[in-house]
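Trainee: Quick one: the structure is below, and I'll ask about it shortly.
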Amino acid sequence: QVQLVESGGGSVQAGGSLRLSCAASGYSYSRNCMGMGWFRQAPGKEREGVATIDSDGTTRYADSVKGRFTISQDNAKNALYLQMNSLKPDDTAMYYCAAGFFRHRLCIATMTFRDYNYWGQGTQVTVSS
């Protein structure tokens, strides 16, 4: 049974930092063509991609977080991370960790939430001005 568990959310003031973690069980991040991603969803809005990482370590970011957020993974620990710096009130949302298989997409993890197979329960991030 694949399980993803996020942690590290909380409340911070604008300009602050948070580090989200995602612990995986039931499979290995290093499995060929498995991609991982962080998504977020604010009330009344569609879930959007924040950052993704391919099985070869290639990372991609939404324009809104480039230069502020960093996605990384530790294959030995089956862990995924999202370092968030210079947080803004617009970053307030529920943040989700996700995993999917992307062999049919040239092993490129997409920013489309529908392409992902497994999801965590989410962790809330609130940024106050």
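By convention here, the chains of the structure tokens are called A, B, ... in the order presented, each chain's residues are numbered starting at 1, and ligands are numbered starting at 1 in the order presented.
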Mind checking which residues fall within 6 Å of Gly37 (chain A), counting only C-alpha atoms, ignoring those fewer than 3 positions away in the same chain, and posting them as a list of chain:residue names?
Mentor: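 What passes the distance filter is A:Ala51, A:Thr52, A:Cys97, A:Ala98.
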Trainee: Using only C-alpha atoms, find each residue of region 36-83 of chain A with at least one atom at most 10 Å away from an atom of region 6-13 of chain A; report its shortest atom-to-atom pair and that distance in Å (one decimal), sort the rows by chain and rising residue number, and return the result as a Markdown table.
Mentor:
| residue | atom | partner | partner_atom | distance |
| --- | --- | --- | --- | --- |
| A:Ala79 | CA | A:Glu6 | CA | 9.7 |
| A:Leu80 | CA | A:Glu6 | CA | 9.0 |
| A:Tyr81 | CA | A:Glu6 | CA | 9.2 |
| A:Leu82 | CA | A:Gly8 | CA | 9.4 |
| A:Gln83 | CA | A:Gly8 | CA | 10.0 |
Trainee: Could you list, as a PyMOL selection string, every residue within 10 Å of Arg60 (chain A), counting only C-alpha atoms and ignoring same-chain residues fewer than 6 positions away?
Mentor: chain A and resi 37+49-54+66+70-71+108-111
Trainee: Could you dump the residues just selected with N, CA, C and O atoms as a PDB file, in the first residue's frame?
Mentor:
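again_19.pdb was written with the following content:
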ATOM      1  N   GLY A  37       5.909  15.374  -6.929  1.00  0.00           N
ATOM      2  CA  GLY A  37       5.570  16.787  -7.040  1.00  0.00           C
ATOM      3  C   GLY A  37       4.936  17.323  -5.778  1.00  0.00           C
ATOM      4  O   GLY A  37       4.416  16.566  -4.953  1.00  0.00           O
ATOM      5  N   GLY A  49       0.145  22.906  -9.607  1.00  0.00           N
ATOM      6  CA  GLY A  49       1.491  22.399  -9.406  1.00  0.00           C
ATOM      7  C   GLY A  49       2.411  23.498  -8.915  1.00  0.00           C
ATOM      8  O   GLY A  49       2.348  24.630  -9.394  1.00  0.00           O
ATOM      9  N   VAL A  50       3.262  23.151  -7.966  1.00  0.00           N
ATOM     10  CA  VAL A  50       4.221  24.089  -7.404  1.00  0.00           C
ATOM     11  C   VAL A  50       5.633  23.747  -7.864  1.00  0.00           C
ATOM     12  O   VAL A  50       6.357  24.601  -8.357  1.00  0.00           O
ATOM     13  N   ALA A  51       5.989  22.478  -7.708  1.00  0.00           N
ATOM     14  CA  ALA A  51       7.323  22.026  -8.089  1.00  0.00           C
ATOM     15  C   ALA A  51       7.292  20.528  -8.326  1.00  0.00           C
ATOM     16  O   ALA A  51       6.536  19.816  -7.665  1.00  0.00           O
ATOM     17  N   THR A  52       8.098  20.075  -9.279  1.00  0.00           N
ATOM     18  CA  THR A  52       8.173  18.647  -9.576  1.00  0.00           C
ATOM     19  C   THR A  52       9.627  18.214  -9.697  1.00  0.00           C
ATOM     20  O   THR A  52      10.519  19.042  -9.933  1.00  0.00           O
ATOM     21  N   ILE A  53       9.839  16.909  -9.540  1.00  0.00           N
ATOM     22  CA  ILE A  53      11.171  16.353  -9.693  1.00  0.00           C
ATOM     23  C   ILE A  53      11.052  15.019 -10.410  1.00  0.00           C
ATOM     24  O   ILE A  53      10.243  14.170 -10.033  1.00  0.00           O
ATOM     25  N   ASP A  54      11.839  14.871 -11.489  1.00  0.00           N
ATOM     26  CA  ASP A  54      11.820  13.630 -12.262  1.00  0.00           C
ATOM     27  C   ASP A  54      12.662  12.555 -11.559  1.00  0.00           C
ATOM     28  O   ASP A  54      13.414  12.850 -10.630  1.00  0.00           O
ATOM     29  N   LYS A  66       9.382  30.336  -8.561  1.00  0.00           N
ATOM     30  CA  LYS A  66      10.777  30.249  -9.007  1.00  0.00           C
ATOM     31  C   LYS A  66      11.652  31.230  -8.236  1.00  0.00           C
ATOM     32  O   LYS A  66      11.294  32.386  -8.036  1.00  0.00           O
ATOM     33  N   THR A  70      12.437  25.439  -3.326  1.00  0.00           N
ATOM     34  CA  THR A  70      13.359  24.421  -3.819  1.00  0.00           C
ATOM     35  C   THR A  70      12.822  23.043  -3.464  1.00  0.00           C
ATOM     36  O   THR A  70      12.577  22.759  -2.292  1.00  0.00           O
ATOM     37  N   ILE A  71      12.660  22.205  -4.483  1.00  0.00           N
ATOM     38  CA  ILE A  71      12.234  20.817  -4.265  1.00  0.00           C
ATOM     39  C   ILE A  71      13.473  19.935  -4.256  1.00  0.00           C
ATOM     40  O   ILE A  71      14.423  20.157  -5.026  1.00  0.00           O
ATOM     41  N   ILE A 108       8.957  12.547 -17.666  1.00  0.00           N
ATOM     42  CA  ILE A 108       8.904  13.925 -17.206  1.00  0.00           C
ATOM     43  C   ILE A 108       7.686  14.094 -16.294  1.00  0.00           C
ATOM     44  O   ILE A 108       6.550  13.902 -16.726  1.00  0.00           O
ATOM     45  N   ALA A 109       7.945  14.451 -15.051  1.00  0.00           N
ATOM     46  CA  ALA A 109       6.862  14.685 -14.104  1.00  0.00           C
ATOM     47  C   ALA A 109       6.160  15.981 -14.471  1.00  0.00           C
ATOM     48  O   ALA A 109       6.801  17.038 -14.570  1.00  0.00           O
ATOM     49  N   THR A 110       4.871  15.908 -14.674  1.00  0.00           N
ATOM     50  CA  THR A 110       4.124  17.066 -15.140  1.00  0.00           C
ATOM     51  C   THR A 110       3.645  17.926 -13.973  1.00  0.00           C
ATOM     52  O   THR A 110       3.696  17.532 -12.812  1.00  0.00           O
ATOM     53  N   MET A 111       3.125  19.105 -14.321  1.00  0.00           N
ATOM     54  CA  MET A 111       2.518  19.992 -13.333  1.00  0.00           C
ATOM     55  C   MET A 111       1.010  19.783 -13.265  1.00  0.00           C
ATOM     56  O   MET A 111       0.308  20.571 -12.632  1.00  0.00           O
TER      57      MET A 111
END
Trainee: Which value, in Å to one decimal, gives the distance between CA of Gln41 (chain A) and CA of Ser86 (chain A)?
Mentor: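 These atoms are spaced 18.9 Å apart.
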Trainee: What are the DSSP strand (DSSP E or B) residues of chain A, as JSON, numbers by chain?
Mentor: {"A": [3, 4, 5, 6, 7, 10, 11, 12, 13, 18, 19, 20, 21, 22, 23, 24, 25, 34, 35, 36, 37, 38, 39, 40, 41, 48, 49, 50, 51, 52, 53, 59, 60, 61, 69, 70, 71, 72, 73, 74, 79, 80, 81, 82, 83, 84, 93, 94, 95, 96, 97, 98, 99, 100, 101, 118, 119, 123, 124, 125, 126, 127, 128]}
Trainee: Compile the contact shell of Pro43 (chain A) as a ChimeraX atom specification: residues with an atom at most 10 Å away, counting only C-alpha atoms, same-chain residues fewer than 5 positions apart removed.
Mentor: /A:92-94
Trainee: Using only C-alpha atoms for the distances, tell me which of A:Ser17, A:Ser64, A:Ser25, A:Gln1 is nearest to Asn85 (chain A).
Mentor: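 Once distances to Asn85 (chain A) are computed over only C-alpha atoms, the minimum belongs to A:Ser17.
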Trainee: Which residues are near Gly120 (chain A)? Cut-off 10 Å, only C-alpha atoms, ignore same chain within fewer than 4 positions. Put them as a list in words.
Mentor: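 What passes the distance filter is Val2, Gln3, Leu4, Val5, Glu6, Ser7, Cys22, Ala23, Ala24, Trp38, Tyr95, Tyr96, Cys97, Ala98 and Ala99 of chain A.
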Trainee: Could you tell me how far CA of Ser72 (chain A) lies from CA of Gly44 (chain A), in Å and to one decimal?
Mentor: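 Computing it gives 28.6 Å between the two atoms.
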Trainee: Rank A:Ala42, A:Met34, A:Leu20, A:Val127 by their smallest atom-to-atom distance to Lys88 (chain A), using only C-alpha atoms, and report the top residue only.
Mentor: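 So, comparing all the options, the nearest one is A:Val127.
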Trainee: Return the single residue from A:Ala76, A:Thr126, A:Arg19, A:Arg103 that is closest to Asp90 (chain A), with distances computed using only C-alpha atoms.
Mentor: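 Residue with the minimum atom-to-atom distance to Asp90 (chain A): A:Thr126.
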Trainee: Here is a test: counting only C-alpha atoms, which residue of A:Pro89, A:Gln73, A:Met36, A:Lys45 is nearest to Ser129 (chain A)?
Mentor: A:Pro89
